[in-house]
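Chemist: This structure is in structure tokens; I'll ask about it shortly.
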There are 4 protein chains.
Amino acid sequence: MSFSKISDGLLACIAGDAELAALFSAEADIEAMLQFEIALAQSQAVHGVIPVEAASAIEAGLRGFALPSAKLEAGVRRDGLAVPGMVALIRGMLDDKTAGYFHFGTTSQDAIDTSLMLRLKRVAGIFVERLTALKEKLERLRRDHGHKPLMARTRMQAALPITAGHRIDQWRIPLGVHAARLDAMQQAGFPVQLGGPTGTLDKLGDKGGAVRRSLAETLGLSDPGRCWHTDRMFLADWANLLSMVTGSLGKLGQDVALMSQTGVAEVTISGGGTSSAMPHKANPVNAELLVTLARFNAILSPALHHALIHEQERSGAAWTLEWMVFPQICITAGAATLHADKLLDQIDFAS
Amino acid sequence: MSFSKISDGLLACIAGDAELAALFSAEADIEAMLQFEIALAQSQAVHGVIPVEAASAIEAGLRGFALPSAKLEAGVRRDGLAVPGMVALIRGMLDDKTAGYFHFGTTSQDAIDTSLMLRLKRVAGIFVERLTALKEKLERLRRDHGHKPLMARTRMQAALPITAGHRIDQWRIPLGVHAARLDAMQQAGFPVQLGGPTGTLDKLGDKGGAVRRSLAETLGLSDPGRCWHTDRMFLADWANLLSMVTGSLGKLGQDVALMSQTGVAEVTISGGGTSSAMPHKANPVNAELLVTLARFNAILSPALHHALIHEQERSGAAWTLEWMVFPQICITAGAATLHADKLLDQIDFAS
Amino acid sequence: MSFSKISDGLLACIAGDAELAALFSAEADIEAMLQFEIALAQSQAVHGVIPVEAASAIEAGLRGFALPSAKLEAGVRRDGLAVPGMVALIRGMLDDKTAGYFHFGTTSQDAIDTSLMLRLKRVAGIFVERLTALKEKLERLRRDHGHKPLMARTRMQAALPITAGHRIDQWRIPLGVHAARLDAMQQAGFPVQLGGPTGTLDKLGDKGGAVRRSLAETLGLSDPGRCWHTDRMFLADWANLLSMVTGSLGKLGQDVALMSQTGVAEVTISGGGTSSAMPHKANPVNAELLVTLARFNAILSPALHHALIHEQERSGAAWTLEWMVFPQICITAGAATLHADKLLDQIDFAS
Amino acid sequence: MSFSKISDGLLACIAGDAELAALFSAEADIEAMLQFEIALAQSQAVHGVIPVEAASAIEAGLRGFALPSAKLEAGVRRDGLAVPGMVALIRGMLDDKTAGYFHFGTTSQDAIDTSLMLRLKRVAGIFVERLTALKEKLERLRRDHGHKPLMARTRMQAALPITAGHRIDQWRIPLGVHAARLDAMQQAGFPVQLGGPTGTLDKLGDKGGAVRRSLAETLGLSDPGRCWHTDRMFLADWANLLSMVTGSLGKLGQDVALMSQTGVAEVTISGGGTSSAMPHKANPVNAELLVTLARFNAILSPALHHALIHEQERSGAAWTLEWMVFPQICITAGAATLHADKLLDQIDFAS
């Protein structure tokens with residue numbers, strides 16, 4: 001129910017997603033930032049920006065290096081982000097000659113944004129897989145129950161007879177569209193971030209573009225051909241897509257909650273939630289949660305649009321807002337796929 | 001400042017867009033709905049669903065037919081939308097034989113959603129044109145001022161020297177991306193809506209798909225291959241895109257407002273706003289407005305995500321919410337393009 | 001459906017409120033601003049800040065003076081607000097001696113904010129009256145139907161038997177609380193705005209506080225004892241309250257829409273909305289609209305919280321955002337009271 | 001940056017508040033729910049609803065009873081909330097005779113809402129204290145720097161000379177208003193929740209009101225004189241107030257960030273954030289964070305308005321949304337007070 005560790009334990013049971021949360025943990029973030037730093041040194045070495053030995057020493061130094069949490073946290077408190085403190089700690093651990101080549105010509109934002117892209121790539125893969133599985137489950141549902149009669153309802157009133165299959169189609173088709181689109185966005189790639197302090201890569205001289213290309217290739221990311229420090233539409237777009245996924249699942253949840261109402265009984269739900277006071281009840285908990293999660297992501301989604309007003313060459317205010325919201329949107333969308341999966345196993349259509 | 005007619009007169013000077021507002025007027029809406037009805041009758045006649053004479057009589061009857069506003073408004077008050085009243089008025093005007101073929105096998109939502117698509121197609125064209133013009137204006141600005149020195153600012157503090165060109169690029173590039181993307185979405189087409197009362201096109205028998213294809217072709221829309229009554233992601237996507245356009249222009253506005261501050265003076269603004277109390281002032285009104293409009297659209301944008309929770313075969317609650325918000329998002333994004341255009345004519349960079 | 005004049009005609013049938021919209025028209029705004037200017041001159045004359053003759057000449061000059069719309073609009077386009085142009089037009093109409101005493105020591109924000117307070121006072125009165133009437137209508141409903149049995153529903157499932165009266169109470173009580181609270185806020189008063197260009201009332205010397213007190217008294221407003229140019233919590237508070245009113249009515253609408261579902265039939269709705277395709281339908285249009293309006297106001301409400309980030313002595317960006325949103329919130333809440341009133345006349349409880 | 005435990009470690013450094021987070025932990029929640037259950041049994045015993053021995057046995061049984069996390073979590077997964085599982089576990093631990101008197105006549109919502117009120121009472125106390133301290137710190141700042149000259153800025157442009165004191169007043173006054181208002185709301189009390197399964201307290205016969213009064217008194221809460229299961233305006237109100245607190249601090253942050261700009265230099269910030277790439281920088285991190293936190297709370301605040309659409313006698317969808325948002329709003333407002341405190345220690349005004 002809050003940012004605090006333990007309450008997450010309970011709220012995470014209904015609004016969490018352990019697999020996705022792991023990708024947004026500080027460890028995963030830092031690991032990906034170190035991966036960026038190593039790949040950057042290697043790419044710079046390839047193009048003669050730093051000596052090959054420096055790149056090797058950086059990689060060797062970072063392998064197995066454990067960053068002390070307390071010092072990292074003190075850095076975040078002072079700087080508003082982890083990189084300056086992290087860079088200082090690592091430089092202190094490297095020999096003097098190598099230290100100067102570490103984090104060379106780059107800046108905090110390159111490390112943080114690239115770290116996010118590395119992890120978002122994995123997030124996207126998870127969603128493509130889960131949405132495809134949900135789509136298949138809905139195809140099976142249609143095969144088994146699609147022929148059953150159902151009264152269409154418009155504006156909450158009985159309209160004309162349809163079949164269960166028609167309604168199941170309306171649940172399934174958007175998920176297929178989302179999966180296809182996520183897949184296409186995945187194919188288009190996740191752009192590496194490399195701009196240096198002000199987005200101009202000045203310190204890399206005429207090697208900036210080449211280093212960025214090599215870096216992208218090494219990390220399995222795409223080369224956007226430019227620095228996107230201040231152009232945050234990629235994140236706004238992903239947030240939009242994941243909130244739409246949650247919204248489509250919210251429609252499924254709302255429909256099932258309505259269909260399972262006492263007196264309507266178009267579907268029955270097995271294993272529904274129990275009540276502390278009314279033993280006869282079987283609550284459509286997963287259906288309701290899908291509505292909750294859809295509203296939550298709808299509510300959070302404007303944050304990424306506010307964050308587009310990213311002033312000058314770097315806005316601490318706008319950028320930090322992304323950190324507070326983007327992981328929550330991903331995890332909430334993920335939680336929705338998990339609850340949808342459970343719900344589809346629970347429902348049975350009346351004949 | 002409100003829904004009322006006259007106050008729009010003043011607020012429209014800063015937050016309006018006459019060209020776009022005209023496309024969202026009731027007249028434009030009704031005209032497009034009648035265009036849908038005529039094209040539907042013609043398509044149904046082509047496929048033998050209704051007699052050719054009926055289609056001709058419908059077209060002839062509607063040509064020059066003026067719907068009485070007061071009766072339309074009474075219908076909206078009773079039904080929550082204009083179509084049932086409009087259909088009754090038109091049927092009353094047609095001869096009995098023809099009347100039964102009017103609005104045959106279709107439903108309010110087909111007319112309303114298709115009307116919106118017809119107009120959104122024109123909206124998209126306007127945006128592609130305006131964004132391209134803004135991009136070109138920024139290219140000229142870069143040519144004229146790009147070489148001038150500028151101090152990069154990160155987290156609101158001086159960072160390292162760049163050129164004005166670098167910052168202008170950050171304003172220009174997103175607009176080019178938006179224009180290209182709007183153009184691609186335009187190429188992909190605007191989907192006709194045809195589903196009948198419950199989305200199944202039952203009354204058209206086996207001619208449903210064929211009629212929908214013909215209808216799309218006649219209207220210059222695309223055939224989505226299905227009914228999308230309850231799947232509102234197309235609108236959510238467009239709202240996201242237009243709010244991102246507004247957000248990118250908001251960054252331009254925020255930057256210029258900061259650059260023109262007394263004591264910073266990186267740009268000067270000619271023809272700035274005057275003050276009622278301080279004759280010496282030249283306020284960066286257009287720059288500030290870009291920020292206001294970006295925040296406004298960010299605030300409105302979740303509506304289209306809430307509207308994805310569209311229950312059963314038609315949700316009056318969710319659908320009506322779209323009507324209250326979608327035109328405002330389009331017009332606000334349009335107003336932002338107009339103010340950006342004015343602002344770019346006003347600014348001069350310090351040498 | 002948009003800012004444009006005519007479409008308002010149709011959308012206003014379901015989301016408008018003519019009485020409230022009139023209070024947010026440009027005419028009402030300008031009239032209240034002129035009322036402010038006259039009262040200010042009078043208060044300044046009382047305290048010897050300007051000559052008594054100047055105040056009389058200002059009042060005489062303004063009586064019956066018609067501001068030319070086109071010039072006003074041109075001013076808004078240039079300045080981002082109407083006051084500088086309006087003041088110049090009025091000064092041009094007054095004799096030279098008087099002109100210098102017009103708008104003396106004050107600024108646009110004083111006129112605009114005070115104008116809003118004058119009208120918000122009337123808005124509040126309308127809401128107290130309407131909410132009290134709704135509460136009484138619900139009391140009658142309880143008297144007539146409260147004894148009827150109803151199945152309580154929790155998490156959309158039958159829980160245990162209650163009476164209709166219990167549910168009606170849950171609709172009624174919050175409205176009474178809102179009415180009482182609006183009444184208390186009304187008693188606490190609507191603060192006059194008077195700060196001059198920078199909030200310090202410098203030009204009024206040691207008479208600032210006395211003039212502000214007289215001004216408040218003349219206008220029937222309260223004296224906040226300070227300038228609140230940059231402290232916008234009063235508006236955030238009112239927006240919160242009116243959005244809560246809309247939310248409480250949204251619960252009523254959602255309940256009735258659920259109760260009137262085919263198969264549930266706990267209430268019947270007379271005069272429901274008709275369908276263009278299904279003559280048998282009676283749609284719970286007013287109930288659904290209450291849900292739409294509640295979501296709309298919930299979506300708009302954060303604007304007033306963003307507007308709290310009102311930088312320095314006056315933020316054009318934050319202040320203009322209020323103008324785009326605040327009237328809409330009031331009118332939407334007003335529309336909800338109108339639809340609730342209609343809905344309560346339409347419903348009948350099953351025995 | 002996410003719900004996950006460890007990443008909280010880093011994000012909590014900039015957006016967390018350990019003292020408040022502890023009050024929203026699962027442990028604190030469960031402890032307060034058990035406090036509710038004990039006090040309820042005692043109140044029921046006082047009024048003869050259950051035997052005095054049962055109340056004593058319940059208290060004795062719960063003292064030192066450790067609920068097994070894994071079982072609790074399994075219950076949350078099944079039921080969507082912790083209470084049914086918790087009640088079953090406790091009943092299993094009590095002797096059979098006592099078990100039937102445990103959680104007698106009450107329901108999950110009574111326990112959960114009352115638990116929140118018990119903790120919100122402590123939250124409110126923390127805010128009153130911190131806001132009062134901030135106000136005092138601003139009074140000292142005014143005493144020390146208030147006489148210094150400052151150029152007022154309106155619409156981001158130099159207006160007329162004021163003093164630093166005038167601007168400091170605009171920061172201070174709203175905090176005093178918020179503190180006074182929180183204090184008044186605290187005096188008005190935090191309403192106990194007691195309604196039983198459907199809000200009617202049926203099982204308590206004619207003792208419902210008396211038990212609720214005793215329960216309130218025992219717990220140090222107020223007696224609302226009714227059940228407020230479905231009337232969520234109390235939470236919407238608190239969220240509004242805490243988001244306004246964050247907004248007022250956001251204005252402070254925005255002002256300081258602007259004042260400390262290179263070229264403006266109206267304040268200097270000691271101990272500013274360092275950069276990984278630009279050693280000369282001292283970033284106004286705490287000022288920027290105040291803006292971020294204000295935007296975040298503005299974005300979250302509509303959730304409590306959406307949650308007002310709480311259908312029938314209990315909405316799982318709407319209620320769960322509160323749990324996802326309300327603690328975050330409190331903690332974010334708390335984080336803002338902490339950063340404001342640090343910021344005020346860091347700033348110095350130019351002479």
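Here, A, B, ... name the chains of the structure tokens in the order displayed, residue numbers run from 1 inside each chain, and ligands are numbered from 1 in the same displayed order.
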Show me, as a VMD selection string, the residues of chain B whose atoms get within 7 Å of chain C, using only C-alpha atoms for the distance check.
Modeler: chain B and resid 1 to 8 10 13 to 14 16 21 to 22 24 to 26 73 76 to 80 83 to 84 87 106 to 108 197 273 to 277 285 288 to 289 291 to 292 296 299 to 300 303 316 to 318 320 to 321 323 to 324 327 to 328
Chemist: Store the residues picked out above, limited to C-alpha atoms, as a short mmCIF file (atom, residue, chain, number, x, y, z; two decimals), in the first residue's frame.
Modeler:
```cif
data_model
loop_
_atom_site.label_atom_id
_atom_site.label_comp_id
_atom_site.auth_asym_id
_atom_site.auth_seq_id
_atom_site.Cartn_x
_atom_site.Cartn_y
_atom_site.Cartn_z
CA MET B 1 -13.57 30.00 -20.56
CA SER B 2 -16.61 27.82 -20.54
CA PHE B 3 -19.03 25.90 -22.64
CA SER B 4 -21.03 29.04 -23.18
CA LYS B 5 -21.00 30.71 -26.52
CA ILE B 6 -19.68 34.16 -25.86
CA SER B 7 -16.98 33.53 -23.36
CA ASP B 8 -15.51 31.26 -25.98
CA LEU B 10 -12.34 35.63 -25.51
CA CYS B 13 -8.21 34.05 -28.61
CA ILE B 14 -5.64 32.23 -26.51
CA GLY B 16 -8.89 28.24 -29.52
CA ALA B 21 -13.27 24.09 -33.93
CA ALA B 22 -15.31 24.27 -37.12
CA PHE B 24 -16.01 19.81 -34.23
CA SER B 25 -19.11 21.97 -34.54
CA ALA B 26 -22.54 20.35 -34.39
CA GLU B 73 -31.75 19.34 -29.01
CA VAL B 76 -30.31 14.85 -27.30
CA ARG B 77 -31.84 15.73 -23.95
CA ARG B 78 -34.01 12.61 -24.04
CA ASP B 79 -31.62 10.11 -25.61
CA GLY B 80 -28.21 11.41 -24.61
CA VAL B 83 -29.08 10.15 -33.74
CA PRO B 84 -32.41 8.66 -32.62
CA VAL B 87 -33.38 9.45 -37.69
CA THR B 106 -27.12 0.33 -38.47
CA THR B 107 -27.12 2.19 -35.16
CA SER B 108 -26.26 5.52 -33.60
CA PRO B 197 -27.05 -2.39 -32.85
CA GLY B 273 2.20 41.09 -24.24
CA THR B 274 1.58 44.41 -22.53
CA SER B 275 0.69 44.92 -18.89
CA SER B 276 -2.13 47.04 -17.49
CA ALA B 277 0.16 48.40 -14.77
CA VAL B 285 2.69 35.43 -23.70
CA GLU B 288 3.70 30.79 -21.61
CA LEU B 289 0.58 29.74 -23.47
CA VAL B 291 3.19 25.60 -21.50
CA THR B 292 -0.43 26.08 -20.43
CA PHE B 296 -4.04 21.15 -20.26
CA ILE B 299 -4.43 16.68 -17.84
CA LEU B 300 -7.17 15.72 -20.29
CA ALA B 303 -9.90 10.48 -20.23
CA GLY B 316 -23.08 5.39 -22.61
CA ALA B 317 -20.91 6.56 -19.72
CA ALA B 318 -17.56 5.86 -21.36
CA THR B 320 -19.95 10.32 -23.77
CA LEU B 321 -16.74 11.03 -21.90
CA TRP B 323 -17.18 13.53 -26.66
CA MET B 324 -16.41 15.89 -23.81
CA PRO B 327 -12.43 17.68 -29.45
CA GLN B 328 -10.83 19.75 -26.71
#
```
Chemist: DSSP on the backbone: which residues in stretch 65-277 of chain B end up as strand (DSSP E or B)? Give the answer as a tab-separated table (two decimals) with all heavy atoms, in the first residue's frame.
Modeler:
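In the end it all went to out-v9.tsv:
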```tsv
chain	number	residue	atom	x	y	z
B	149	PRO	N	26.51	31.56	-30.08
B	149	PRO	CA	26.85	30.81	-28.88
B	149	PRO	C	25.70	30.84	-27.87
B	149	PRO	O	24.97	31.82	-27.78
B	149	PRO	CB	28.06	31.56	-28.32
B	149	PRO	CG	27.90	32.96	-28.83
B	149	PRO	CD	27.21	32.85	-30.16
B	150	LEU	N	25.58	29.75	-27.15
B	150	LEU	CA	24.55	29.66	-26.09
B	150	LEU	C	25.16	28.83	-24.98
B	150	LEU	O	25.94	27.92	-25.23
B	150	LEU	CB	23.30	28.98	-26.66
B	150	LEU	CG	22.07	28.89	-25.74
B	150	LEU	CD1	21.47	30.28	-25.51
B	150	LEU	CD2	21.01	27.99	-26.36
B	151	MET	N	24.82	29.17	-23.75
B	151	MET	CA	25.26	28.36	-22.63
B	151	MET	C	24.22	27.26	-22.40
B	151	MET	O	23.05	27.57	-22.15
B	151	MET	CB	25.40	29.24	-21.38
B	151	MET	CG	25.82	28.50	-20.13
B	151	MET	SD	27.38	27.56	-20.29
B	151	MET	CE	28.58	28.91	-20.35
B	152	ALA	N	24.65	26.02	-22.51
B	152	ALA	CA	23.72	24.94	-22.18
B	152	ALA	C	23.36	25.04	-20.71
B	152	ALA	O	24.16	25.48	-19.89
B	152	ALA	CB	24.36	23.58	-22.46
B	153	ARG	N	22.14	24.65	-20.38
B	153	ARG	CA	21.71	24.66	-18.99
B	153	ARG	C	21.11	23.29	-18.66
B	153	ARG	O	20.23	22.81	-19.35
B	153	ARG	CB	20.65	25.74	-18.76
B	153	ARG	CG	21.24	27.16	-18.78
B	153	ARG	CD	20.17	28.23	-18.72
B	153	ARG	NE	20.76	29.55	-18.85
B	153	ARG	CZ	21.01	30.36	-17.80
B	153	ARG	NH1	20.67	30.01	-16.58
B	153	ARG	NH2	21.56	31.54	-17.99
B	154	THR	N	21.63	22.72	-17.59
B	154	THR	CA	21.05	21.46	-17.11
B	154	THR	C	20.65	21.69	-15.66
B	154	THR	O	21.36	22.37	-14.91
B	154	THR	CB	22.08	20.31	-17.20
B	154	THR	OG1	23.25	20.66	-16.48
B	154	THR	CG2	22.46	20.05	-18.66
B	157	GLN	N	20.93	25.20	-14.31
B	157	GLN	CA	22.22	25.84	-14.10
B	157	GLN	C	23.07	25.81	-15.36
B	157	GLN	O	22.94	24.88	-16.17
B	157	GLN	CB	22.99	25.10	-12.99
B	157	GLN	CG	22.39	25.26	-11.61
B	157	GLN	CD	22.42	26.69	-11.13
B	157	GLN	OE1	23.46	27.34	-11.16
B	157	GLN	NE2	21.27	27.22	-10.72
B	158	ALA	N	23.93	26.80	-15.52
B	158	ALA	CA	24.86	26.80	-16.64
B	158	ALA	C	25.65	25.51	-16.64
B	158	ALA	O	26.16	25.08	-15.59
B	158	ALA	CB	25.81	27.99	-16.53
B	159	ALA	N	25.75	24.88	-17.82
B	159	ALA	CA	26.50	23.63	-17.94
B	159	ALA	C	27.78	23.91	-18.73
B	159	ALA	O	28.80	24.28	-18.14
B	159	ALA	CB	25.63	22.58	-18.63
B	160	LEU	N	27.73	23.81	-20.05
B	160	LEU	CA	28.89	24.04	-20.90
B	160	LEU	C	28.40	24.76	-22.15
B	160	LEU	O	27.22	24.67	-22.49
B	160	LEU	CB	29.51	22.69	-21.31
B	160	LEU	CG	30.16	21.87	-20.17
B	160	LEU	CD1	30.42	20.45	-20.64
B	160	LEU	CD2	31.45	22.54	-19.69
B	161	PRO	N	29.27	25.46	-22.87
B	161	PRO	CA	28.82	26.20	-24.05
B	161	PRO	C	28.36	25.27	-25.17
B	161	PRO	O	29.01	24.24	-25.43
B	161	PRO	CB	30.08	26.96	-24.49
B	161	PRO	CG	31.03	26.90	-23.34
B	161	PRO	CD	30.70	25.65	-22.60
B	162	ILE	N	27.25	25.63	-25.77
B	162	ILE	CA	26.80	24.96	-27.00
B	162	ILE	C	26.50	26.08	-28.01
B	162	ILE	O	26.95	27.21	-27.81
B	162	ILE	CB	25.53	24.10	-26.76
B	162	ILE	CG1	24.41	24.94	-26.09
B	162	ILE	CG2	25.85	22.87	-25.94
B	162	ILE	CD1	23.07	24.26	-26.00
B	163	THR	N	25.77	25.77	-29.04
B	163	THR	CA	25.30	26.81	-29.95
B	163	THR	C	23.78	26.86	-29.90
B	163	THR	O	23.14	25.89	-29.47
B	163	THR	CB	25.71	26.51	-31.41
B	163	THR	OG1	25.09	25.27	-31.78
B	163	THR	CG2	27.22	26.41	-31.56
B	191	PRO	N	-10.62	4.27	-39.72
B	191	PRO	CA	-11.52	3.12	-39.88
B	191	PRO	C	-12.99	3.51	-39.85
B	191	PRO	O	-13.45	4.18	-38.92
B	191	PRO	CB	-11.17	2.25	-38.67
B	191	PRO	CG	-10.70	3.20	-37.64
B	191	PRO	CD	-9.98	4.30	-38.39
B	222	SER	N	-10.80	3.75	-44.18
B	222	SER	CA	-10.27	2.40	-44.31
B	222	SER	C	-11.27	1.39	-43.75
B	222	SER	O	-12.14	1.75	-42.95
B	222	SER	CB	-8.93	2.29	-43.56
B	222	SER	OG	-9.15	2.40	-42.17
B	267	VAL	N	17.20	35.21	-25.59
B	267	VAL	CA	16.39	35.61	-26.74
B	267	VAL	C	15.63	36.87	-26.35
B	267	VAL	O	15.37	37.13	-25.17
B	267	VAL	CB	15.36	34.54	-27.20
B	267	VAL	CG1	16.03	33.24	-27.60
B	267	VAL	CG2	14.31	34.29	-26.15
B	268	THR	N	15.29	37.65	-27.36
B	268	THR	CA	14.37	38.76	-27.15
B	268	THR	C	13.10	38.44	-27.93
B	268	THR	O	13.13	37.74	-28.94
B	268	THR	CB	14.94	40.09	-27.65
B	268	THR	OG1	15.34	39.90	-29.02
B	268	THR	CG2	16.16	40.49	-26.84
B	269	ILE	N	11.99	38.95	-27.41
B	269	ILE	CA	10.69	38.68	-28.01
B	269	ILE	C	10.10	40.01	-28.45
B	269	ILE	O	9.91	40.91	-27.63
B	269	ILE	CB	9.76	38.00	-26.99
B	269	ILE	CG1	10.32	36.62	-26.64
B	269	ILE	CG2	8.35	37.88	-27.53
B	269	ILE	CD1	9.49	35.84	-25.66
B	273	GLY	N	3.43	40.63	-24.85
B	273	GLY	CA	2.20	41.09	-24.24
B	273	GLY	C	2.43	42.32	-23.38
B	273	GLY	O	3.47	42.46	-22.73
```
Chemist: Would you work out the distance separating atom CA of D:Ile90 from atom CA of D:Lys203, expressed in Å to one decimal?
Modeler: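 Calculated distance between atom CA of D:Ile90 and atom CA of D:Lys203 is 20.5 Å.
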Chemist: With only C-alpha atoms as the counted atoms, please give the residues lying no more than 7 Å from stretch 117-120 of chain D, apart from itself and same-chain residues fewer than 2 positions off, as number ranges by chain.
Modeler: D: 23, 32, 113-115, 122-124, 190-192
Chemist: If you run DSSP on the backbone here, which positions in stretch 55-98 of chain C get alpha helix (DSSP H)? Please write them as JSON, numbers by chain.
Modeler: {"C": [55, 56, 57, 58, 59, 60, 61, 62, 69, 70, 71, 72, 73, 74, 75, 76, 77, 78, 79, 83, 84, 85, 86, 87, 88, 89, 90, 91, 92, 93, 96, 97, 98]}
